[in-house]
Structure formats: C-alpha cells, structure tokens
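Text of coords-v9.txt, listed as compact mmCIF, C-alpha atoms and all ligand atoms:
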# COMPACT_ATOMS: atom_id res chain seq x y z
CA MET K 2 -16.92 19.73 -2.91
CA ALA K 3 -15.42 16.94 -4.98
CA MET K 4 -11.88 15.88 -4.10
CA GLN K 5 -9.29 16.31 -6.81
CA THR K 6 -7.43 13.20 -7.81
CA HIS K 7 -3.72 13.12 -7.15
CA ALA K 8 -3.23 11.13 -10.35
CA GLY K 9 -0.36 12.32 -12.49
CA ASP K 10 -0.38 12.53 -16.24
CA PRO K 11 -1.80 9.88 -18.57
CA GLY K 12 1.67 8.50 -19.26
CA ALA K 13 1.75 6.07 -22.15
CA PHE K 14 -2.06 6.00 -22.35
CA ARG K 15 -1.79 9.33 -24.19
CA ASP K 16 -1.04 7.26 -27.32
CA PHE K 17 -3.32 4.29 -26.64
CA ASP K 18 -6.01 3.73 -29.28
CA LEU K 19 -9.21 3.31 -27.24
CA MET K 20 -10.81 1.30 -30.05
CA ARG K 21 -8.42 -1.60 -29.42
CA VAL K 22 -10.44 -2.92 -26.47
CA PRO K 23 -14.08 -3.86 -25.92
CA SER K 24 -16.14 -1.25 -24.06
CA PRO K 25 -16.28 -0.88 -21.14
CA CYS K 26 -12.82 -2.11 -20.21
CA PHE K 27 -10.15 -1.55 -17.57
CA VAL K 28 -6.77 -1.43 -19.31
CA VAL K 29 -3.70 -1.84 -17.11
CA ASP K 30 -0.22 -0.95 -18.34
CA GLU K 31 2.16 -3.64 -17.09
CA ALA K 32 5.20 -1.51 -17.85
CA ARG K 33 3.92 1.32 -15.65
CA LEU K 34 3.07 -1.18 -12.91
CA GLU K 35 6.59 -2.57 -13.11
CA ALA K 36 8.02 0.96 -12.81
CA ASN K 37 6.00 1.47 -9.59
CA LEU K 38 7.08 -1.93 -8.29
CA ARG K 39 10.73 -1.08 -8.92
CA ILE K 40 10.37 2.05 -6.79
CA LEU K 41 8.77 0.06 -3.98
CA ALA K 42 11.40 -2.68 -4.23
CA ASP K 43 14.12 -0.04 -4.02
CA ILE K 44 12.55 1.34 -0.82
CA GLN K 45 12.46 -2.20 0.50
CA THR K 46 16.09 -2.96 -0.31
CA ARG K 47 17.56 0.32 0.86
CA SER K 48 15.50 0.74 4.03
CA GLY K 49 15.54 -2.90 5.14
CA ALA K 50 11.74 -2.73 5.57
CA THR K 51 9.32 -5.29 4.12
CA VAL K 52 6.78 -4.03 1.57
CA LEU K 53 3.52 -5.91 0.97
CA CYS K 54 0.87 -5.22 -1.67
CA ALA K 55 -2.57 -4.37 -0.22
CA LEU K 56 -4.93 -6.57 -2.21
CA LYS K 57 -7.97 -4.49 -1.24
CA ALA K 58 -6.68 -1.77 -3.56
CA PHE K 59 -5.37 -3.84 -6.42
CA SER K 60 -5.89 -7.57 -6.79
CA MET K 61 -5.71 -8.13 -10.54
CA TRP K 62 -4.20 -11.53 -10.00
CA SER K 63 -3.14 -12.07 -13.58
CA LEU K 64 -0.37 -9.65 -12.55
CA ALA K 65 0.45 -11.56 -9.36
CA PRO K 66 3.70 -13.02 -10.79
CA LEU K 67 4.92 -9.51 -11.63
CA VAL K 68 3.92 -8.08 -8.23
CA SER K 69 5.56 -11.01 -6.45
CA ARG K 70 8.80 -10.51 -8.34
CA TYR K 71 9.30 -7.16 -6.58
CA LEU K 72 7.33 -7.19 -3.32
CA SER K 73 7.53 -9.53 -0.33
CA GLY K 74 3.90 -10.63 -0.28
CA VAL K 75 0.42 -9.31 0.25
CA CYS K 76 -1.80 -7.88 2.92
CA ALA K 77 -5.31 -9.30 2.93
CA SER K 78 -8.52 -7.92 4.43
CA GLY K 79 -9.95 -11.29 5.36
CA LEU K 80 -10.36 -14.90 4.31
CA TRP K 81 -10.95 -14.49 0.59
CA GLU K 82 -8.12 -12.06 -0.06
CA ALA K 83 -5.85 -14.26 2.07
CA ARG K 84 -6.78 -17.21 -0.11
CA LEU K 85 -6.18 -15.24 -3.30
CA GLY K 86 -2.83 -14.15 -1.90
CA ARG K 87 -1.82 -17.71 -1.03
CA GLU K 88 -3.05 -19.17 -4.34
CA HIS K 89 -1.52 -16.61 -6.69
CA TYR K 90 1.10 -14.46 -5.00
CA GLY K 91 4.37 -15.60 -3.45
CA GLY K 92 5.79 -14.59 -0.09
CA ILE K 93 4.06 -13.39 3.04
CA VAL K 94 0.28 -13.39 3.49
CA GLU K 95 -0.68 -10.92 6.20
CA THR K 96 -4.33 -10.74 7.21
CA TYR K 97 -5.97 -7.92 9.11
CA SER K 98 -9.69 -7.54 9.62
CA ALA K 99 -11.61 -5.29 11.98
CA GLY K 100 -13.73 -8.35 12.79
CA TYR K 101 -13.09 -12.05 12.30
CA LYS K 102 -15.75 -14.75 12.14
CA LEU K 103 -15.10 -17.81 14.26
CA ASP K 104 -16.02 -20.18 11.44
CA GLU K 105 -13.38 -18.61 9.17
CA MET K 106 -10.50 -18.50 11.60
CA ALA K 107 -9.09 -22.00 11.09
CA GLU K 108 -8.74 -21.32 7.36
CA ILE K 109 -7.29 -17.84 7.96
CA ILE K 110 -4.67 -19.37 10.27
CA ALA K 111 -3.81 -22.00 7.66
CA LEU K 112 -3.39 -19.32 4.96
CA SER K 113 -1.69 -16.49 6.87
CA ASP K 114 1.84 -15.77 8.06
CA HIS K 115 0.72 -12.70 10.00
CA ILE K 116 -2.71 -12.25 11.61
CA ILE K 117 -3.46 -8.81 12.97
CA PHE K 118 -6.28 -8.18 15.43
CA ASN K 119 -8.20 -4.98 15.95
CA THR K 120 -8.52 -5.32 19.72
CA PRO K 121 -6.76 -7.14 22.56
CA ALA K 122 -10.06 -8.97 23.17
CA ALA K 123 -10.12 -10.41 19.64
CA LYS K 124 -6.49 -11.44 20.04
CA THR K 125 -7.24 -13.16 23.37
CA ARG K 126 -10.22 -14.93 21.82
CA PHE K 127 -8.34 -16.38 18.85
CA LEU K 128 -4.81 -16.85 20.27
CA PRO K 129 -5.59 -20.37 21.61
CA MET K 130 -6.70 -21.44 18.11
CA ILE K 131 -3.45 -20.13 16.66
CA LYS K 132 -1.42 -21.92 19.34
CA ASP K 133 -3.38 -25.17 18.90
CA SER K 134 -2.80 -25.05 15.13
CA GLY K 135 0.92 -25.60 15.79
CA LYS K 136 1.64 -23.15 12.97
CA GLN K 137 4.14 -20.35 13.37
CA VAL K 138 1.99 -17.26 12.88
CA HIS K 139 3.04 -13.71 13.70
CA VAL K 140 0.34 -12.14 15.84
CA GLY K 141 -0.22 -8.40 15.51
CA LEU K 142 -2.39 -5.81 17.18
CA ARG K 143 -3.68 -2.73 15.38
CA PHE K 144 -3.39 0.45 17.38
CA ASN K 145 -4.97 3.78 16.67
CA PRO K 146 -2.52 6.65 17.02
CA GLY K 147 -5.38 9.10 17.60
CA LEU K 148 -3.87 11.85 15.50
CA PRO K 149 -6.19 12.52 12.56
CA LEU K 150 -4.20 14.11 9.73
CA GLY K 151 -6.37 13.19 6.74
CA ASP K 152 -8.37 15.63 4.62
CA ASP K 153 -11.65 13.82 5.25
CA ALA K 154 -12.81 11.93 8.37
CA LYS K 155 -14.42 9.28 6.15
CA TYR K 156 -10.91 8.27 5.04
CA ASP K 157 -9.22 8.87 8.39
CA PRO K 158 -9.12 5.84 10.68
CA ALA K 159 -7.52 8.05 13.37
CA ALA K 160 -10.62 10.27 13.61
CA LEU K 161 -12.38 10.45 16.99
CA GLY K 162 -14.83 7.58 17.39
CA SER K 163 -13.05 5.38 14.86
CA ARG K 164 -13.57 1.63 15.23
CA LEU K 165 -10.29 0.90 13.46
CA GLY K 166 -7.54 -0.03 15.87
CA THR K 167 -7.29 0.18 19.65
CA PRO K 168 -6.32 3.60 21.03
CA LEU K 169 -2.61 3.40 21.76
CA GLU K 170 -3.02 4.49 25.39
CA GLN K 171 -5.11 1.34 26.02
CA ILE K 172 -2.25 -0.93 24.98
CA ASP K 173 -0.23 -2.17 27.93
CA ALA K 174 1.94 -5.21 28.65
CA ASP K 175 -1.17 -7.40 29.22
CA ALA K 176 -2.59 -6.42 25.84
CA LEU K 177 0.72 -7.47 24.28
CA GLU K 178 0.64 -11.00 25.70
CA GLY K 179 1.30 -13.30 22.74
CA VAL K 180 1.72 -10.34 20.36
CA ASP K 181 4.73 -10.07 18.02
CA GLY K 182 4.06 -6.70 16.44
CA LEU K 183 1.99 -3.55 16.25
CA HIS K 184 0.11 -2.30 13.22
CA MET K 185 -1.32 1.07 12.33
CA HIS K 186 -3.06 2.41 9.25
CA THR K 187 -4.23 5.99 9.23
CA LEU K 188 -3.00 7.63 6.05
CA CYS K 189 -4.71 8.08 2.70
CA GLU K 190 -2.87 9.29 -0.42
CA GLN K 191 -0.41 11.12 1.84
CA ASP K 192 3.14 12.37 1.69
CA LEU K 193 5.86 11.60 4.19
CA GLU K 194 5.21 14.51 6.60
CA PRO K 195 2.01 13.08 8.16
CA LEU K 196 3.82 9.80 8.81
CA LEU K 197 6.64 11.69 10.53
CA ALA K 198 4.12 13.70 12.56
CA ILE K 199 2.35 10.52 13.68
CA TRP K 200 5.67 8.98 14.62
CA ASP K 201 6.58 12.00 16.75
CA HIS K 202 3.20 11.62 18.43
CA ILE K 203 3.53 7.88 19.18
CA ALA K 204 7.30 7.36 19.50
CA PRO K 205 7.52 7.57 23.33
CA GLN K 206 4.87 4.83 23.76
CA ILE K 207 6.27 2.67 20.96
CA ARG K 208 9.78 2.90 22.40
CA ALA K 209 8.40 1.78 25.77
CA LEU K 210 6.55 -1.18 24.22
CA ALA K 211 9.31 -2.14 21.77
CA PRO K 212 11.18 -4.56 24.09
CA HIS K 213 8.05 -6.80 23.99
CA LEU K 214 7.84 -6.73 20.18
CA LYS K 215 9.55 -7.80 16.94
CA TRP K 216 8.01 -5.49 14.36
CA ILE K 217 5.86 -2.50 13.53
CA ASN K 218 3.66 -2.22 10.46
CA PHE K 219 2.92 1.30 9.20
CA GLY K 220 -0.02 0.21 7.01
CA GLY K 221 -0.84 1.89 3.71
CA GLY K 222 -1.80 5.33 2.48
CA HIS K 223 1.78 6.28 1.59
CA HIS K 224 1.78 7.76 -1.93
CA ILE K 225 5.32 6.51 -2.45
CA THR K 226 5.23 6.16 -6.22
CA ARG K 227 3.98 9.69 -6.85
CA ALA K 228 6.76 11.69 -8.47
CA ASP K 229 6.98 14.26 -5.66
CA TYR K 230 6.94 11.81 -2.72
CA ASP K 231 10.03 12.17 -0.49
CA ARG K 232 11.38 8.62 -0.90
CA GLU K 233 14.82 9.34 0.51
CA GLY K 234 13.09 10.75 3.59
CA LEU K 235 10.99 7.58 3.90
CA ILE K 236 14.09 5.37 3.71
CA ALA K 237 15.81 7.48 6.40
CA PHE K 238 12.68 7.31 8.58
CA LEU K 239 12.39 3.52 8.31
CA GLN K 240 16.07 3.10 9.16
CA LYS K 241 15.69 5.45 12.12
CA VAL K 242 12.73 3.52 13.52
CA ARG K 243 14.64 0.26 13.21
CA ASP K 244 17.77 1.71 14.81
CA GLU K 245 15.90 3.41 17.65
CA THR K 246 13.50 0.60 18.51
CA GLY K 247 15.06 -2.58 17.12
CA LEU K 248 11.74 -3.27 15.38
CA HIS K 249 11.52 -4.56 11.82
CA CYS K 250 9.32 -2.24 9.72
CA TYR K 251 6.55 -3.24 7.34
CA LEU K 252 4.62 -1.11 4.84
CA GLU K 253 1.51 -2.27 2.98
CA PRO K 254 0.70 0.23 0.25
CA GLY K 255 -2.15 -0.49 -2.16
CA GLU K 256 -2.76 2.60 -4.20
CA ALA K 257 0.97 3.30 -4.59
CA VAL K 258 1.40 -0.12 -6.26
CA ALA K 259 -1.04 0.65 -9.07
CA LEU K 260 -0.93 4.45 -9.13
CA ASP K 261 -1.53 5.77 -12.66
CA CYS K 262 -1.32 2.23 -14.07
CA GLY K 263 -4.77 1.85 -15.56
CA ILE K 264 -7.63 3.52 -17.38
CA LEU K 265 -11.32 2.73 -17.65
CA VAL K 266 -12.46 2.93 -21.26
CA GLY K 267 -16.10 3.52 -22.11
CA GLU K 268 -18.26 4.83 -24.90
CA VAL K 269 -21.13 7.23 -25.44
CA LEU K 270 -24.51 5.51 -25.83
CA ASP K 271 -26.76 8.58 -26.12
CA VAL K 272 -26.91 12.31 -25.43
CA VAL K 273 -29.74 14.06 -23.56
CA GLU K 274 -30.04 17.86 -23.72
CA ASN K 275 -31.06 19.21 -20.31
CA ASP K 276 -29.20 22.26 -19.04
CA GLY K 277 -26.49 21.38 -21.56
CA PRO K 278 -25.49 18.05 -23.04
CA ASN K 279 -25.60 14.93 -20.85
CA ALA K 280 -23.76 12.01 -22.42
CA ILE K 281 -24.81 8.57 -21.26
CA LEU K 282 -21.91 6.15 -21.13
CA ASP K 283 -21.62 2.39 -20.73
CA ILE K 284 -19.49 3.29 -17.68
CA SER K 285 -21.41 3.87 -14.48
CA ALA K 286 -20.07 5.73 -11.46
CA THR K 287 -22.17 3.68 -9.08
CA CYS K 288 -21.33 0.31 -10.68
CA HIS K 289 -17.75 0.82 -11.83
CA MET K 290 -16.21 3.76 -9.96
CA PRO K 291 -18.22 4.01 -6.71
CA ASP K 292 -15.61 6.25 -5.05
CA VAL K 293 -16.63 8.97 -7.51
CA ILE K 294 -19.90 9.19 -5.58
CA GLU K 295 -18.65 8.00 -2.21
CA ALA K 296 -15.61 10.29 -1.80
CA PRO K 297 -16.76 12.18 -3.92
CA TYR K 298 -14.06 12.86 -6.50
CA ARG K 299 -13.78 13.78 -10.14
CA PRO K 300 -11.63 11.34 -12.10
CA ALA K 301 -9.42 12.92 -14.74
CA LEU K 302 -10.46 12.29 -18.34
CA LEU K 303 -7.90 11.31 -20.96
CA ASP K 304 -7.20 14.12 -23.41
CA GLU K 305 -9.79 16.51 -21.99
CA GLN K 306 -10.01 19.69 -24.06
CA GLY K 307 -12.50 22.09 -25.61
CA ASP K 308 -15.14 24.72 -24.80
CA ILE K 309 -18.22 22.54 -24.50
CA GLN K 310 -19.07 21.29 -21.03
CA VAL K 311 -20.65 17.84 -21.11
CA ARG K 312 -21.98 15.91 -18.13
CA LEU K 313 -20.90 12.27 -18.30
CA GLY K 314 -23.13 9.76 -16.55
CA GLY K 315 -23.95 6.08 -16.41
CA PRO K 316 -26.81 4.01 -17.84
CA SER K 317 -28.21 3.11 -14.39
CA CYS K 318 -31.45 4.38 -12.85
CA LEU K 319 -29.62 6.39 -10.18
CA ALA K 320 -30.10 10.10 -10.89
CA GLY K 321 -26.78 10.76 -9.18
CA ASP K 322 -24.92 8.31 -11.41
CA VAL K 323 -22.93 11.23 -12.79
CA ILE K 324 -19.17 11.05 -13.16
CA GLY K 325 -18.71 14.79 -13.62
CA ARG K 326 -18.63 17.65 -16.12
CA TYR K 327 -15.91 17.48 -18.72
CA ALA K 328 -14.73 19.70 -21.56
CA PHE K 329 -15.13 18.54 -25.17
CA ASN K 330 -14.41 20.21 -28.52
CA SER K 331 -17.84 19.20 -29.80
CA THR K 332 -20.83 17.37 -28.36
CA PRO K 333 -19.75 13.72 -28.27
CA GLN K 334 -21.41 11.42 -30.79
CA ILE K 335 -22.81 7.96 -30.15
CA GLY K 336 -19.86 5.58 -30.14
CA THR K 337 -17.31 8.20 -29.05
CA ARG K 338 -14.76 6.54 -26.78
CA VAL K 339 -13.61 8.12 -23.52
CA ALA K 340 -11.20 6.99 -20.81
CA PHE K 341 -10.87 7.93 -17.15
CA LEU K 342 -7.36 7.99 -15.73
CA ASP K 343 -5.90 6.21 -12.71
CA GLN K 344 -8.60 3.56 -12.43
CA ALA K 345 -6.46 0.47 -11.71
CA HIS K 346 -6.81 0.76 -7.91
CA TYR K 347 -10.03 0.88 -5.87
CA SER K 348 -12.26 0.70 -8.98
CA MET K 349 -11.79 -2.79 -10.44
CA VAL K 350 -12.05 -4.26 -6.93
CA LYS K 351 -15.29 -2.39 -6.19
CA THR K 352 -17.43 -3.01 -9.25
CA THR K 353 -21.03 -4.20 -8.93
CA THR K 354 -23.71 -5.31 -11.37
CA PHE K 355 -26.46 -3.01 -10.03
CA ASN K 356 -29.15 -2.63 -12.73
CA GLY K 357 -27.49 -5.56 -14.50
CA VAL K 358 -24.96 -3.12 -15.93
CA ARG K 359 -22.17 -5.04 -17.65
CA LEU K 360 -18.88 -5.32 -15.80
CA PRO K 361 -15.88 -3.85 -17.64
CA ALA K 362 -13.57 -6.34 -19.32
CA LEU K 363 -10.00 -6.52 -17.99
CA ALA K 364 -7.12 -5.94 -20.38
CA LEU K 365 -3.35 -5.96 -19.97
CA TRP K 366 -1.29 -3.70 -22.16
CA ASN K 367 2.46 -3.32 -22.18
CA SER K 368 3.38 0.20 -23.21
CA ASN K 369 6.96 -0.91 -23.99
CA THR K 370 6.07 -3.72 -26.40
CA ASP K 371 2.51 -2.61 -27.28
CA ALA K 372 1.31 -6.17 -26.58
CA LEU K 373 -2.37 -6.22 -25.61
CA ARG K 374 -4.30 -9.08 -24.00
CA ILE K 375 -7.93 -9.16 -22.94
CA VAL K 376 -7.63 -11.29 -19.81
CA ARG K 377 -11.28 -11.38 -18.77
CA GLU K 378 -14.69 -10.57 -20.20
CA PHE K 379 -17.80 -10.82 -18.07
CA THR K 380 -21.09 -12.32 -19.13
CA TYR K 381 -24.68 -12.62 -18.04
CA GLN K 382 -23.64 -15.67 -15.99
CA ASP K 383 -21.42 -13.48 -13.77
CA PHE K 384 -24.41 -11.25 -13.01
CA LYS K 385 -26.78 -14.16 -12.49
CA GLY K 386 -24.26 -16.11 -10.39
CA ARG K 387 -24.30 -13.47 -7.65
CA LEU K 388 -28.05 -13.88 -7.17
CA SER K 389 -30.42 -16.72 -6.73
C1 LIG V 1 -5.18 -1.92 6.92
C2 LIG V 1 -4.88 -1.31 5.58
N1 LIG V 1 -3.68 -1.54 5.03
C3 LIG V 1 -3.37 -1.03 3.81
C4 LIG V 1 -4.27 -0.26 3.10
C5 LIG V 1 -3.88 0.26 1.75
O1 LIG V 1 -3.92 1.66 1.71
P1 LIG V 1 -3.56 2.45 0.39
O2 LIG V 1 -4.20 1.78 -0.74
O3 LIG V 1 -4.11 3.81 0.64
O4 LIG V 1 -2.07 2.45 0.30
C6 LIG V 1 -5.53 0.01 3.65
C7 LIG V 1 -6.52 0.81 2.94
O5 LIG V 1 -7.61 1.08 3.36
C8 LIG V 1 -5.85 -0.55 4.93
O6 LIG V 1 -7.05 -0.34 5.50
Please go through the file and, once you have read it, give me the structure as structure tokens.
Amino acid sequence: MAMQTHAGDPGAFRDFDLMRVPSPCFVVDEARLEANLRILADIQTRSGATVLCALKAFSMWSLAPLVSRYLSGVCASGLWEARLGREHYGGIVETYSAGYKLDEMAEIIALSDHIIFNTPAAKTRFLPMIKDSGKQVHVGLRFNPGLPLGDDAKYDPAALGSRLGTPLEQIDADALEGVDGLHMHTLCEQDLEPLLAIWDHIAPQIRALAPHLKWINFGGGHHITRADYDREGLIAFLQKVRDETGLHCYLEPGEAVALDCGILVGEVLDVVENDGPNAILDISATCHMPDVIEAPYRPALLDEQGDIQVRLGGPSCLAGDVIGRYAFNSTPQIGTRVAFLDQAHYSMVKTTTFNGVRLPALALWNSNTDALRIVREFTYQDFKGRLS
C-alpha cells in the first residue's frame, strides 16, 4: 500500500502559471521557505535549543543565505555535504556518518564543528586524529533508543537489527571517553508524541550519563512546520530536558525546513491507451522522485480534479516508473503541464540521469513578489560528466 503524503495544501502554487518555467523543473517558493524558517527560528529562540538544517533533505544552496539567516548551521551526512555547508552556509557544520573513510577524515575534521560517530569503536579510532589536529571539535556518539515508533521499518532506525546508532544499553562511561554529546535520530515525519515516548524510554539512562556530557541531539524527523504539530509542547519538552539534565539540546530537521515549499513541474509527452489512459511525462519517478517507488508513496498533484483516471509515468524503460493514478477532467493532451506537490525535500537531492533522462531545472519563485529566477538548467555535459 502506498503511503499518503503528509503534505498540506498547495499554498501559493495554486495560482502559479506552470508555463512560466522550462519542463521539467523544481520550483521552490522562497516566501514559503522563509515562513518555515521563521517557525524553526522561533522554536530555537524560545526553547534555547540549537536548530540545524539537514542538508541530506534540502541542500538547494542558492537558498543558503536565507537558511543561514534563521538557523544555526547545517548537519551533513559526510565529507561533501560538510564541504557544501562550510562553503555556502554560515554557523555550525555538524557531520554524522554511519561509516567514515580514513582518507576523508582529515578534511572532515577541518570542515566540521561537531563530528558524530556511529559506534564507540569508530570514535576510538578517529579521536587521536581529532586531538592531533589541534582543532576544537565536539565529538558525539549516536545511540539507538531501541524503541521503534515509525510506520515502516525501512524508515525506522530504531527497528531491531538497525545499523544506525549503538544500542543505548551498550553505552557506558568507557564509551563516553572523549565524547561531548549524544545523538539520536529515529523519527520520520512524526509529531511530538513519539519524541516524548522515546524520551520516557531513555530518560533514566540519559540522566545517568548526563554528568559526562554537554549536549544531546534529537536528530530529525520532527514535522515541526506542519500546521498541526504541537510546537508549544516541543518548546516545553526541550526546556524540560535542559533543566533536568543540564544538557544543551540540538535538533536537525530536514523535511520540516522545506515542507510544502516546492513543486516539480512536468509535461505530457504522449498518451498510451492500455487499461485506461497512461500519460507519459518528462518527469520520471525513478529518476526524479525515487521515494515514490522506494517508500512507496503517491505525491499529491496540483489541482487534481475530474472523473477520468489517468496513470502518470516517466519516459524511462522501467515498467514500474509510474507515479500513480490521478483524476483529470479530460484525457491530458500532449504539452499539458502538471505539477506534483511538496517536492523540495528528498527529491531534488536524489535525482539521477538513468536512461539519460534530463534533470529538472531549478527555479526560485517568491510568492510575495512574484519574482521568478531559473537558477540552474542541466545539460548533456552533466549527464556525461558522471560517466567515463
Ligand atoms: C542523522 C539524521 N539527521 C537528520 C535527518 C533529517 O530528517 P528529516 O528530514 O526527516 O527531518 C536524517 C534523515 O534521515 C538523519 O538521518
């Protein structure tokens, strides 16, 4: 069964003329992004916690100055995101990877303010390099709270057998040698209650370890910018953790930064009749929205209405390159434009050029001023440059 997206309404995209951009194209609304950033900055100010932007979800760096105006820095998944963070974003660069390569570590140390390890063994292996660098780096250890509360094990790092983080019961004073803070990440598009439940589950151990530590990082997966998220509850929770443990709190949301900020515009290239109409788009699930197949989920379509069910699929050779069935008033014609909602996060960062399918252009739109800029268009050279 396909997951339903938690995306809200189309917002200002309801009135966006899809013919204003090349096709395919990601269009990101800076005004909506700024509204999300204001919410996150408010959480930061009122709770005293530090909020970082998870680049893995959203790293459209032409918006780095805007993101940096509101948030305290970025969380990176490894060397290249750390470098992007240092080059374009201000503030803290925090790097966590489940596995570090020795030949990348010197550069990661030079780029990062926080380095978080997945196991005590990895920390022990790399701590001498950090010390020898002479650089002040916060060292963190990712623990696994072992309480799976996600809808799907594939998106639940707390599931049994997970490689992500060291089970909390294995973390003792020895494991914390040279460690400044603990990190966890187990949520995915979740409300406050699962975070509170996890805290109840781990609080006795964290309180016992707290005297050895300076901070705790609650990772991402908090759907803070969704209208119905309990933000006051989150602020109270973060204050409580600080007051009870003396630890400074960090959050590193990705999806919440760019939630409902962008659409992916495409157009119909052809229609094949086979058990109903199948429209072939210049948007491909496998190349441009891989989570549609991986999760799987059905992205919402802008202005979906009508009695005719049309399958929308990509131009690739993959039979399963189908985005879903959508309602139309009439069978779409060649050239008809469509747009999928909530595509700013985890789509742009995941695109591929399988089959040599063109990568979507990147556009910035400001729904307050109506200013539109195409910030990047991709060419044959981008496809060729990834191969040799
Ligand atoms: C370690 C870590 N931090 C932060 C995030 C961001 O999570 P989200 O985009 O769901 O907020 C992720 C996502 O996988 C992650 O693995």
Can you tell me which residues sit at most 6 Å away from ligand LIG 1 (chain V), counting all atoms listed in the file, written as a PDB file with C-alpha atoms, in the coordinates of the input?
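Saved file part-v1.pdb follows:
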ATOM      1  CA  ALA K  55      -2.570  -4.370  -0.220  1.00  0.00           C
ATOM      2  CA  ALA K  58      -6.680  -1.770  -3.560  1.00  0.00           C
ATOM      3  CA  HIS K 186      -3.060   2.410   9.250  1.00  0.00           C
ATOM      4  CA  CYS K 189      -4.710   8.080   2.700  1.00  0.00           C
ATOM      5  CA  GLU K 190      -2.870   9.290  -0.420  1.00  0.00           C
ATOM      6  CA  GLY K 220      -0.020   0.210   7.010  1.00  0.00           C
ATOM      7  CA  GLY K 221      -0.840   1.890   3.710  1.00  0.00           C
ATOM      8  CA  GLY K 222      -1.800   5.330   2.480  1.00  0.00           C
ATOM      9  CA  HIS K 223       1.780   6.280   1.590  1.00  0.00           C
ATOM     10  CA  GLU K 253       1.510  -2.270   2.980  1.00  0.00           C
ATOM     11  CA  PRO K 254       0.700   0.230   0.250  1.00  0.00           C
ATOM     12  CA  GLY K 255      -2.150  -0.490  -2.160  1.00  0.00           C
ATOM     13  CA  GLU K 256      -2.760   2.600  -4.200  1.00  0.00           C
ATOM     14  CA  ALA K 257       0.970   3.300  -4.590  1.00  0.00           C
TER      15      ALA K 257
END
Within 10 Å of (-5.1, 16.9, 2.8) (file coordinates; only C-alpha atoms), which protein or nucleic acid residues are there? I'd like them as a list in words. Met4, Leu150, Gly151, Asp152, Asp153, Cys189, Glu190, Gln191, Asp192 and Pro195 of chain K
d(CA of Ala228 (chain K), CA of Arg299 (chain K)) in Å: 20.7 Å
Separation of CA of Glu105 (chain K) and CA of Gly79 (chain K), in Å? 8.9 Å
Residues near Leu342 (chain K), cut-off 7 Å, only C-alpha atoms, skip fewer than 6 positions along chain, as JSON, numbers by chain: {"K": [11, 261, 263, 264, 265, 300, 301, 302, 303]}
Could you please determine the separation between CA of Ile40 (chain K) and CA of Leu64 (chain K) in Å, to one decimal place? 16.9 Å
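Minimum atom-to-atom distances from K:Ala42, K:Ser368, K:Ile309, K:Phe219 to Asp16 (chain K) were compared using only C-alpha atoms, and the lowest value belongs to K:Ser368.
Nearest to Thr120 (chain K) of all the residues K:Gln137, K:Asn367, K:Asn145, K:Gln334 is K:Asn145, based on all atoms listed in the file.
Using only C-alpha atoms for every distance, the candidate list K:Ala259, K:Ile110, K:Ile284, K:Pro168 yields K:Ala259 as the residue closest to Val68 (chain K).
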Please produce, as a Markdown table, a per-residue contact table for region 48-71 of chain K versus region 81-103 of chain K (criterion: any atom at most 8 Å away, only C-alpha atoms considered), showing the nearest atom pair and its distance in Å to one decimal, sorted by chain then residue number.
| residue | atom | partner | partner_atom | distance |
| --- | --- | --- | --- | --- |
| K:Leu53 | CA | K:Ile93 | CA | 7.8 |
| K:Leu56 | CA | K:Glu82 | CA | 6.7 |
| K:Lys57 | CA | K:Glu82 | CA | 7.7 |
| K:Trp62 | CA | K:His89 | CA | 6.6 |
| K:Ala65 | CA | K:Tyr90 | CA | 5.3 |
| K:Pro66 | CA | K:Tyr90 | CA | 6.5 |
| K:Val68 | CA | K:Tyr90 | CA | 7.7 |
| K:Ser69 | CA | K:Gly91 | CA | 5.6 |
Which neighbours of Lys136 (chain K) fall inside 8 Å, counting only C-alpha atoms, when residues of the same chain fewer than 4 positions from it are skipped, and could you give them as a tab-separated table (two decimals) with C-alpha atoms, in the frame of the given file?
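File written: selection05.tsv
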chain	number	residue	atom	x	y	z
K	110	ILE	CA	-4.67	-19.37	10.27
K	111	ALA	CA	-3.81	-22.00	7.66
K	131	ILE	CA	-3.45	-20.13	16.66
K	132	LYS	CA	-1.42	-21.92	19.34
With distances taken over only C-alpha atoms, which of K:Leu239, K:Ala123, K:Leu161, K:Val273 is nearest to Asn218 (chain K)?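 Going through K:Leu239, K:Ala123, K:Leu161, K:Val273 one by one, the smallest distance to Asn218 (chain K) is for K:Leu239.
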